[in-house]
$ cat input-v5.cif   # mmCIF, C-alpha atoms and all ligand atoms
data_entry
#
loop_
_atom_site.label_atom_id
_atom_site.label_comp_id
_atom_site.auth_asym_id
_atom_site.auth_seq_id
_atom_site.Cartn_x
_atom_site.Cartn_y
_atom_site.Cartn_z
CA MET K 9 92.66 129.63 77.84
CA ILE K 10 94.36 130.71 74.62
CA HIS K 11 96.05 134.06 74.03
CA VAL K 12 95.77 136.15 70.88
CA ARG K 13 98.59 138.59 70.19
CA THR K 14 98.11 141.22 67.50
CA ARG K 15 100.17 144.18 66.33
CA THR K 16 98.04 146.46 68.46
CA GLY K 17 98.14 144.37 71.62
CA ARG K 18 96.23 141.59 73.25
CA GLY K 19 92.88 140.31 72.03
CA PRO K 20 89.82 139.34 74.10
CA ASP K 21 90.49 136.74 76.74
CA PRO K 22 89.56 133.86 76.44
CA PRO K 23 88.77 134.24 72.73
CA SER K 24 87.56 132.17 69.86
CA LEU K 25 88.73 132.69 66.29
CA LEU K 26 86.65 132.08 63.18
CA LEU K 27 88.91 131.29 60.23
CA ASP K 28 88.12 130.88 56.56
CA ASP K 29 90.75 129.81 54.04
CA GLY K 30 93.59 131.05 56.24
CA ARG K 31 91.99 134.41 57.05
CA ILE K 32 90.73 135.49 60.47
CA LEU K 33 87.08 136.51 59.97
CA GLU K 34 86.22 137.19 63.59
CA ILE K 35 87.77 137.23 67.06
CA GLY K 36 85.40 137.05 70.05
CA ARG K 37 83.88 134.87 72.73
CA ASP K 38 81.91 131.71 72.02
CA LEU K 39 81.84 132.04 68.23
CA SER K 40 80.11 129.22 66.43
CA ASP K 41 79.50 128.12 62.89
CA ASP K 42 77.77 124.83 62.07
CA ARG K 43 80.11 124.21 59.13
CA ALA K 44 83.30 124.94 61.04
CA ARG K 45 85.84 122.38 62.19
CA VAL K 46 86.68 123.12 65.83
CA ILE K 47 90.31 123.13 66.97
CA ASN K 48 90.91 123.41 70.71
CA GLY K 49 93.86 125.78 71.14
CA THR K 50 93.91 125.74 74.94
CA GLY K 51 97.35 126.60 76.28
CA ASN K 52 98.58 127.95 72.94
CA VAL K 53 99.31 131.34 71.45
CA VAL K 54 97.74 132.44 68.15
CA LEU K 55 99.65 135.02 66.15
CA PRO K 56 100.19 135.98 62.49
CA GLY K 57 102.65 133.86 60.48
CA PHE K 58 106.23 135.14 60.42
CA ILE K 59 107.84 136.27 57.16
CA ASP K 60 111.48 135.26 56.61
CA THR K 61 113.01 137.59 54.01
CA HIS K 62 116.28 135.71 53.59
CA ARG K 63 116.79 131.98 53.59
CA HIS K 64 118.84 129.72 51.31
CA ASN K 65 116.38 126.86 51.32
CA TRP K 66 118.50 124.41 49.32
CA GLN K 67 120.86 124.35 52.29
CA GLY K 68 118.05 122.85 54.37
CA ALA K 69 119.62 119.56 53.33
CA LEU K 70 122.74 120.56 55.33
CA ARG K 71 120.96 120.99 58.63
CA ASN K 72 123.21 121.72 61.64
CA LEU K 73 126.37 121.86 59.52
CA GLY K 74 128.98 124.46 60.46
CA PRO K 75 127.31 126.52 63.18
CA ALA K 76 130.66 128.11 64.12
CA TRP K 77 132.11 128.62 60.64
CA THR K 78 133.65 131.88 59.50
CA TYR K 79 132.19 133.46 56.37
CA GLN K 80 135.15 132.15 54.35
CA GLU K 81 134.65 128.64 55.70
CA TYR K 82 130.97 128.77 54.77
CA ARG K 83 131.87 129.91 51.25
CA SER K 84 134.50 127.26 50.67
CA GLN K 85 132.57 124.41 52.29
CA VAL K 86 129.08 125.08 50.97
CA GLN K 87 128.98 127.47 48.02
CA ILE K 88 132.25 126.39 46.42
CA GLY K 89 132.44 122.91 47.97
CA LEU K 90 129.10 121.13 48.24
CA GLY K 91 126.93 123.21 45.91
CA GLN K 92 128.43 121.75 42.76
CA TYR K 93 127.45 118.22 43.83
CA PHE K 94 123.77 119.00 44.43
CA ASP K 95 121.53 117.39 41.83
CA PRO K 96 117.88 118.41 41.39
CA ARG K 97 116.72 115.74 43.86
CA ASP K 98 119.01 117.18 46.53
CA VAL K 99 117.63 120.67 45.91
CA HIS K 100 114.11 119.31 46.23
CA VAL K 101 114.94 117.63 49.55
CA GLY K 102 116.70 120.74 50.87
CA ASN K 103 113.90 123.10 49.90
CA LEU K 104 111.19 120.82 51.22
CA ALA K 105 113.01 120.31 54.53
CA ALA K 106 113.62 124.06 54.91
CA ASP K 107 109.99 124.84 54.13
CA LEU K 108 108.67 122.31 56.63
CA MET K 109 111.10 123.50 59.34
CA SER K 110 109.97 127.05 58.64
CA LEU K 111 106.29 126.17 58.96
CA ASP K 112 107.02 124.22 62.13
CA SER K 113 108.54 127.32 63.70
CA GLY K 114 105.76 129.69 62.65
CA VAL K 115 107.27 131.07 59.41
CA THR K 116 104.49 130.93 56.82
CA THR K 117 106.14 133.07 54.12
CA VAL K 118 109.72 132.76 52.95
CA ARG K 119 111.99 134.48 50.45
CA ASP K 120 114.08 131.63 49.09
CA GLU K 121 117.44 133.07 47.99
CA SER K 122 118.23 130.30 45.54
CA HIS K 123 121.85 130.39 44.34
CA ILE K 124 121.70 126.78 43.23
CA SER K 125 120.55 127.43 39.63
CA ASN K 126 123.01 124.82 38.33
CA SER K 127 120.50 123.82 35.62
CA PRO K 128 116.85 124.60 34.79
CA GLU K 129 115.99 121.25 36.44
CA HIS K 130 117.53 122.47 39.71
CA SER K 131 115.21 125.50 39.69
CA ASP K 132 112.20 123.34 38.76
CA ALA K 133 112.93 121.09 41.76
CA ALA K 134 113.21 124.04 44.13
CA ILE K 135 109.91 125.50 42.93
CA ALA K 136 108.15 122.12 43.08
CA ALA K 137 109.09 121.79 46.76
CA HIS K 138 107.47 125.15 47.54
CA TRP K 139 104.20 124.05 45.92
CA GLU K 140 104.40 120.75 47.77
CA SER K 141 105.11 122.13 51.26
CA GLY K 142 102.17 124.57 51.29
CA ILE K 143 104.32 127.53 52.33
CA ARG K 144 103.94 130.96 50.71
CA ALA K 145 107.23 131.53 48.91
CA VAL K 146 109.13 134.03 46.84
CA PHE K 147 111.48 131.95 44.73
CA ASP K 148 114.46 134.24 44.21
CA HIS K 149 116.30 132.88 41.17
CA GLY K 150 120.06 133.26 41.64
CA TRP K 151 123.30 132.12 40.08
CA LEU K 152 125.01 128.72 39.88
CA SER K 153 126.93 126.86 42.56
CA THR K 154 129.01 125.09 39.93
CA GLU K 155 132.19 127.12 39.36
CA ALA K 156 130.94 129.23 42.25
CA GLU K 157 134.09 131.36 42.36
CA GLN K 158 133.63 132.45 38.73
CA TRP K 159 130.12 133.65 39.59
CA GLN K 160 131.19 135.98 42.41
CA PHE K 161 133.65 138.73 43.41
CA GLY K 162 134.31 140.57 40.13
CA SER K 163 132.47 138.04 37.93
CA ASP K 164 132.02 138.93 34.25
CA ARG K 165 129.25 136.34 33.77
CA THR K 166 125.72 137.65 33.27
CA HIS K 167 122.74 136.25 35.19
CA PRO K 168 121.67 132.77 33.96
CA ASP K 169 119.25 133.27 31.11
CA ASP K 170 116.84 130.53 32.13
CA ILE K 171 115.17 133.08 34.42
CA ARG K 172 113.32 134.17 31.26
CA GLY K 173 111.75 130.74 30.80
CA ILE K 174 110.80 130.53 34.48
CA ARG K 175 109.15 133.93 34.27
CA ASN K 176 107.29 133.21 31.03
CA GLU K 177 106.33 129.57 31.57
CA VAL K 178 106.50 128.64 35.26
CA LEU K 179 106.00 131.61 37.62
CA SER K 180 104.20 134.25 35.58
CA ASP K 181 101.35 134.88 38.05
CA ASP K 182 102.35 137.45 40.69
CA SER K 183 99.24 136.72 42.75
CA ALA K 184 100.03 133.00 43.14
CA ARG K 185 101.26 131.38 46.39
CA VAL K 186 104.71 130.93 44.81
CA THR K 187 106.12 133.92 42.94
CA LEU K 188 109.39 134.88 41.28
CA ASN K 189 112.08 137.47 42.12
CA ALA K 190 115.63 137.93 40.81
CA MET K 191 118.53 137.27 43.22
CA LEU K 192 121.27 139.35 41.61
CA ARG K 193 124.92 139.70 42.55
CA GLY K 194 125.12 143.43 41.86
CA PRO K 195 128.22 145.63 41.85
CA GLU K 196 129.71 143.93 44.91
CA LEU K 197 130.04 140.54 43.20
CA THR K 198 130.17 141.35 39.47
CA THR K 199 131.57 144.03 37.17
CA LEU K 200 129.51 147.20 36.82
CA GLN K 201 128.55 146.25 33.25
CA VAL K 202 127.23 142.85 34.33
CA SER K 203 125.43 144.43 37.24
CA GLU K 204 123.68 146.91 34.97
CA HIS K 205 122.80 144.16 32.46
CA ASP K 206 121.29 141.96 35.17
CA ILE K 207 119.25 144.76 36.74
CA ARG K 208 117.82 145.70 33.35
CA LEU K 209 116.98 142.04 32.69
CA ALA K 210 115.07 141.76 35.99
CA ARG K 211 113.18 144.98 35.32
CA GLU K 212 112.36 143.88 31.77
CA LEU K 213 110.79 140.75 33.27
CA GLY K 214 108.93 142.77 35.92
CA LEU K 215 110.75 141.17 38.84
CA ARG K 216 111.78 142.56 42.24
CA ILE K 217 115.51 142.35 42.89
CA SER K 218 117.53 141.23 45.91
CA MET K 219 121.28 141.60 46.48
CA HIS K 220 123.69 140.51 49.19
CA VAL K 221 125.84 143.57 49.95
CA GLY K 222 128.11 144.90 52.70
CA LEU K 223 129.87 141.55 53.11
CA GLY K 224 132.88 142.09 55.39
CA GLU K 225 135.87 144.21 54.38
CA TRP K 226 135.20 143.48 50.69
CA GLY K 227 131.77 145.05 50.97
CA ALA K 228 133.20 148.15 52.65
CA GLU K 229 135.60 148.63 49.73
CA GLN K 230 132.99 148.02 47.02
CA GLN K 231 130.17 150.30 48.31
CA ALA K 232 127.62 148.63 46.04
CA VAL K 233 124.69 150.81 47.10
CA ARG K 234 126.64 154.00 46.31
CA HIS K 235 127.52 152.64 42.84
CA LEU K 236 123.87 151.88 42.17
CA GLU K 237 122.86 155.38 43.27
CA GLU K 238 125.53 157.02 41.11
CA THR K 239 124.51 155.02 38.02
CA GLY K 240 120.82 155.79 38.52
CA LEU K 241 119.92 152.14 39.17
CA LEU K 242 118.95 152.30 42.87
CA ALA K 243 115.17 152.04 43.20
CA SER K 244 112.31 150.86 45.36
CA ASP K 245 112.16 147.44 43.65
CA MET K 246 115.36 146.39 45.46
CA THR K 247 115.92 144.52 48.73
CA PHE K 248 119.45 144.53 50.17
CA ILE K 249 120.59 141.69 52.40
CA HIS K 250 123.14 142.07 55.25
CA LEU K 251 124.52 145.62 54.61
CA CYS K 252 127.00 144.88 57.45
CA THR K 253 129.77 147.17 56.22
CA SER K 254 127.72 149.53 54.07
CA THR K 255 128.27 153.17 55.05
CA ASP K 256 125.73 155.39 56.80
CA GLU K 257 125.61 157.43 53.61
CA GLU K 258 124.63 154.31 51.65
CA LEU K 259 121.87 153.48 54.12
CA ARG K 260 120.50 157.00 53.69
CA MET K 261 120.59 156.58 49.88
CA LEU K 262 118.77 153.27 50.17
CA ALA K 263 116.07 154.76 52.38
CA ALA K 264 115.65 157.82 50.16
CA ARG K 265 114.93 155.61 47.14
CA GLY K 266 112.44 153.47 49.07
CA ALA K 267 114.52 150.29 48.77
CA THR K 268 114.32 147.77 51.63
CA ALA K 269 116.82 145.98 53.87
CA SER K 270 116.90 142.45 55.23
CA VAL K 271 119.12 141.87 58.25
CA ALA K 272 120.09 138.54 59.83
CA GLY K 273 121.33 139.76 63.19
CA ALA K 274 122.55 136.57 64.84
CA LEU K 275 124.44 135.42 61.76
CA GLU K 276 125.98 138.84 61.17
CA VAL K 277 127.17 139.20 64.76
CA PHE K 278 128.57 135.70 65.16
CA THR K 279 130.07 134.97 61.72
CA PRO K 280 133.66 136.28 61.56
CA GLY K 281 134.43 137.90 58.22
CA LEU K 282 130.82 138.74 57.41
CA GLY K 283 129.71 141.43 59.84
ZN ZN S 1 122.33 134.87 52.23
#
$ encode --input "input-v5.cif" --output "structure tokens"
Amino acid sequence: MIHVRTRTGRGPDPPSLLLDDGRILEIGRDLSDDRARVINGTGNVVLPGFIDTHRHNWQGALRNLGPAWTYQEYRSQVQIGLGQYFDPRDVHVGNLAADLMSLDSGVTTVRDESHISNSPEHSDAAIAAHWESGIRAVFDHGWLSTEAEQWQFGSDRTHPDDIRGIRNEVLSDDSARVTLNAMLRGPELTTLQVSEHDIRLARELGLRISMHVGLGEWGAEQQAVRHLEETGLLASDMTFIHLCTSTDEELRMLAARGATASVAGALEVFTPGLG
């Protein structure tokens, strides 16, 4: 017997599923199609693929490293420490490993928050791994992990310009299996002028935007969402990640504009300095 779980409840029991190119055409008993390959799913559960809206796939190469780190330890060890030493081959390995681990655990779509844009070749390697793994991916082009400190917390550097080339030459088709978004730092990690520049760049290129905000005490002081609302930049093309120390007022602003939130509960609860 196999079990089918859907958003509305439990399917017929014991069911058969007729699939075509990844889509469920029919759920019922004793379905048959002469051309179909039959997979016996006895003892298993069939359910839709999970969507992970926040993963730093390049760090798939660092599996099981630092499960008990504080946020500051993670920053200094990974973003400031190891990130600068990643070459494009390392990014490819990390992304491919993360994709395959995702698929193995039922995640079939991932938003890859890629702040390892150390060179255009690094981004090419990350994207190539997504094509290779077979996962459905949003490649979210971020900043560099060389000189990581200069790219965050009050940074006056604008978003790396090679996002234009990726948009125009590599990921221009928004209906493809791998698509492009812009992972921006926003007012929490850059100056307001840089933040505005970067948001306008993403919108000029027709890209959705993500931002990590509400990071610990720093996030509470910065109130990034409120700044975006007050400067007229907050809109429905934005996804905010974490929001741990964002105020209730900011969450209401976010909802009113139709923006979305991505929370990572376990990480936020158990990482000192983040949540
Ligand atoms: Zn993150």
$ residues_near_ligand --input "input-v5.cif" --ligand "ligand ZN 1 (chain S)" --cutoff "8 Å" --atoms "only C-alpha atoms and all ligand atoms" --output "PDB file with C-alpha atoms, in the coordinates of the input"
ATOM      1  CA  HIS K  62     116.280 135.710  53.590  1.00  0.00           C
ATOM      2  CA  ARG K  63     116.790 131.980  53.590  1.00  0.00           C
ATOM      3  CA  HIS K  64     118.840 129.720  51.310  1.00  0.00           C
ATOM      4  CA  GLU K 121     117.440 133.070  47.990  1.00  0.00           C
ATOM      5  CA  HIS K 220     123.690 140.510  49.190  1.00  0.00           C
ATOM      6  CA  ILE K 249     120.590 141.690  52.400  1.00  0.00           C
ATOM      7  CA  HIS K 250     123.140 142.070  55.250  1.00  0.00           C
TER       8      HIS K 250
END
$ closest_residue --input "input-v5.cif" --among "K:Gly194, K:Gly227, K:Ala76, K:Ser163" --to "Ala274 (chain K)" --atoms "all atoms listed in the file"
K:Ala76
$ atom_distance --input "input-v5.cif" --atom1 "CA of Ser84 (chain K)" --atom2 "CA of Val146 (chain K)"
26.5 Å
$ atom_distance --input "input-v5.cif" --atom1 "CA of Thr78 (chain K)" --atom2 "CA of Thr253 (chain K)"
16.1 Å
$ closest_residue --input "input-v5.cif" --among "K:Gly74, K:Gly57, K:Gly30, K:Gly102" --to "Thr117 (chain K)" --atoms "only C-alpha atoms"
K:Gly57
$ closest_residue --input "input-v5.cif" --among "K:Asp38, K:Glu129, K:Asp169, K:Glu258" --to "Phe94 (chain K)" --atoms "all atoms listed in the file"
K:Glu129
$ closest_residue --input "input-v5.cif" --among "K:Val221, K:Glu155, K:Leu108, K:Ser254" --to "Gly142 (chain K)" --atoms "only C-alpha atoms"
K:Leu108
$ residues_around --input "input-v5.cif" --residues "Leu282 (chain K)" --least-positions-apart "3" --cutoff "8 Å" --atoms "only C-alpha atoms" --output "PyMOL selection string"
chain K and resi 78-79+223-224+252+276+279
$ closest_residue --input "input-v5.cif" --among "K:Gly222, K:Gly214, K:Gly91, K:Pro96" --to "Ser153 (chain K)" --atoms "all atoms listed in the file"
K:Gly91
$ closest_residue --input "input-v5.cif" --among "K:Val277, K:Asp181, K:Ile143, K:Thr116" --to "Leu55 (chain K)" --atoms "all atoms listed in the file"
K:Thr116
$ residues_around --input "input-v5.cif" --residues "Leu39 (chain K)" --least-positions-apart "2" --cutoff "7 Å" --atoms "all atoms listed in the file" --output "list of chain:residue names"
K:Ser24, K:Leu26, K:Gly36, K:Arg37
$ write_last_selection --input "input-v5.cif" --atoms "C-alpha atoms" --output "PDB file, in the frame of the given file"
ATOM      1  CA  SER K  24      87.560 132.170  69.860  1.00  0.00           C
ATOM      2  CA  LEU K  26      86.650 132.080  63.180  1.00  0.00           C
ATOM      3  CA  GLY K  36      85.400 137.050  70.050  1.00  0.00           C
ATOM      4  CA  ARG K  37      83.880 134.870  72.730  1.00  0.00           C
TER       5      ARG K  37
END
$ residues_around --input "input-v5.cif" --residues "Asp256 (chain K)" --least-positions-apart "3" --cutoff "12 Å" --atoms "all atoms listed in the file" --output "PyMOL selection string"
chain K and resi 222+228+231+233-234+251-253+259-263
$ atom_distance --input "input-v5.cif" --atom1 "CA of Thr239 (chain K)" --atom2 "CA of Leu213 (chain K)"
20.4 Å
$ axis_aligned_box --input "input-v5.cif" --around "region 119-129 of chain K" --padding-each-side "3 Å" --output "lines of an AutoDock Vina configuration file"
center_x = 117.5
center_y = 127.9
center_z = 42.6
size_x = 17.0
size_y = 19.2
size_z = 21.7
$ build_atoms --input "input-v5.cif" --residues "region 151-170 of chain K" --atoms "N, CA and C atoms" --output "PDB file, keeping the file's coordinate frame"
ATOM      1  N   TRP K 151     122.282 132.609  41.006  1.00  0.00           N
ATOM      2  CA  TRP K 151     123.300 132.120  40.080  1.00  0.00           C
ATOM      3  C   TRP K 151     123.595 130.646  40.357  1.00  0.00           C
ATOM      4  N   LEU K 152     124.677 130.144  39.772  1.00  0.00           N
ATOM      5  CA  LEU K 152     125.010 128.720  39.880  1.00  0.00           C
ATOM      6  C   LEU K 152     125.968 128.468  41.032  1.00  0.00           C
ATOM      7  N   SER K 153     125.922 127.280  41.582  1.00  0.00           N
ATOM      8  CA  SER K 153     126.930 126.860  42.560  1.00  0.00           C
ATOM      9  C   SER K 153     127.921 125.876  41.944  1.00  0.00           C
ATOM     10  N   THR K 154     127.879 125.733  40.608  1.00  0.00           N
ATOM     11  CA  THR K 154     129.010 125.090  39.930  1.00  0.00           C
ATOM     12  C   THR K 154     129.920 126.229  39.494  1.00  0.00           C
ATOM     13  N   GLU K 155     131.227 126.038  39.621  1.00  0.00           N
ATOM     14  CA  GLU K 155     132.190 127.120  39.360  1.00  0.00           C
ATOM     15  C   GLU K 155     131.813 128.365  40.158  1.00  0.00           C
ATOM     16  N   ALA K 156     131.486 128.146  41.420  1.00  0.00           N
ATOM     17  CA  ALA K 156     130.940 129.230  42.250  1.00  0.00           C
ATOM     18  C   ALA K 156     131.864 130.447  42.294  1.00  0.00           C
ATOM     19  N   GLU K 157     133.163 130.223  42.266  1.00  0.00           N
ATOM     20  CA  GLU K 157     134.090 131.360  42.360  1.00  0.00           C
ATOM     21  C   GLU K 157     134.005 132.261  41.134  1.00  0.00           C
ATOM     22  N   GLN K 158     133.717 131.639  39.951  1.00  0.00           N
ATOM     23  CA  GLN K 158     133.630 132.450  38.730  1.00  0.00           C
ATOM     24  C   GLN K 158     132.335 133.275  38.696  1.00  0.00           C
ATOM     25  N   TRP K 159     131.402 132.934  39.575  1.00  0.00           N
ATOM     26  CA  TRP K 159     130.120 133.650  39.590  1.00  0.00           C
ATOM     27  C   TRP K 159     130.089 134.774  40.620  1.00  0.00           C
ATOM     28  N   GLN K 160     131.198 134.975  41.358  1.00  0.00           N
ATOM     29  CA  GLN K 160     131.190 135.980  42.410  1.00  0.00           C
ATOM     30  C   GLN K 160     132.482 136.799  42.403  1.00  0.00           C
ATOM     31  N   PHE K 161     132.465 137.884  43.163  1.00  0.00           N
ATOM     32  CA  PHE K 161     133.650 138.730  43.410  1.00  0.00           C
ATOM     33  C   PHE K 161     134.356 139.123  42.118  1.00  0.00           C
ATOM     34  N   GLY K 162     133.733 140.049  41.384  1.00  0.00           N
ATOM     35  CA  GLY K 162     134.310 140.570  40.130  1.00  0.00           C
ATOM     36  C   GLY K 162     133.908 139.754  38.912  1.00  0.00           C
ATOM     37  N   SER K 163     132.886 138.924  39.021  1.00  0.00           N
ATOM     38  CA  SER K 163     132.470 138.040  37.930  1.00  0.00           C
ATOM     39  C   SER K 163     132.069 138.834  36.677  1.00  0.00           C
ATOM     40  N   ASP K 164     132.458 138.299  35.492  1.00  0.00           N
ATOM     41  CA  ASP K 164     132.020 138.930  34.250  1.00  0.00           C
ATOM     42  C   ASP K 164     130.935 138.084  33.561  1.00  0.00           C
ATOM     43  N   ARG K 165     130.335 137.161  34.323  1.00  0.00           N
ATOM     44  CA  ARG K 165     129.250 136.340  33.770  1.00  0.00           C
ATOM     45  C   ARG K 165     127.904 136.995  34.070  1.00  0.00           C
ATOM     46  N   THR K 166     127.047 137.053  33.049  1.00  0.00           N
ATOM     47  CA  THR K 166     125.720 137.650  33.270  1.00  0.00           C
ATOM     48  C   THR K 166     124.781 136.614  33.894  1.00  0.00           C
ATOM     49  N   HIS K 167     123.698 137.109  34.480  1.00  0.00           N
ATOM     50  CA  HIS K 167     122.740 136.250  35.190  1.00  0.00           C
ATOM     51  C   HIS K 167     122.250 135.125  34.272  1.00  0.00           C
ATOM     52  N   PRO K 168     122.121 133.883  34.808  1.00  0.00           N
ATOM     53  CA  PRO K 168     121.670 132.770  33.960  1.00  0.00           C
ATOM     54  C   PRO K 168     120.345 133.077  33.260  1.00  0.00           C
ATOM     55  N   ASP K 169     120.349 132.844  31.959  1.00  0.00           N
ATOM     56  CA  ASP K 169     119.250 133.270  31.110  1.00  0.00           C
ATOM     57  C   ASP K 169     117.966 132.470  31.309  1.00  0.00           C
ATOM     58  N   ASP K 170     118.071 131.322  31.986  1.00  0.00           N
ATOM     59  CA  ASP K 170     116.840 130.530  32.130  1.00  0.00           C
ATOM     60  C   ASP K 170     115.806 131.206  33.033  1.00  0.00           C
TER      61      ASP K 170
END
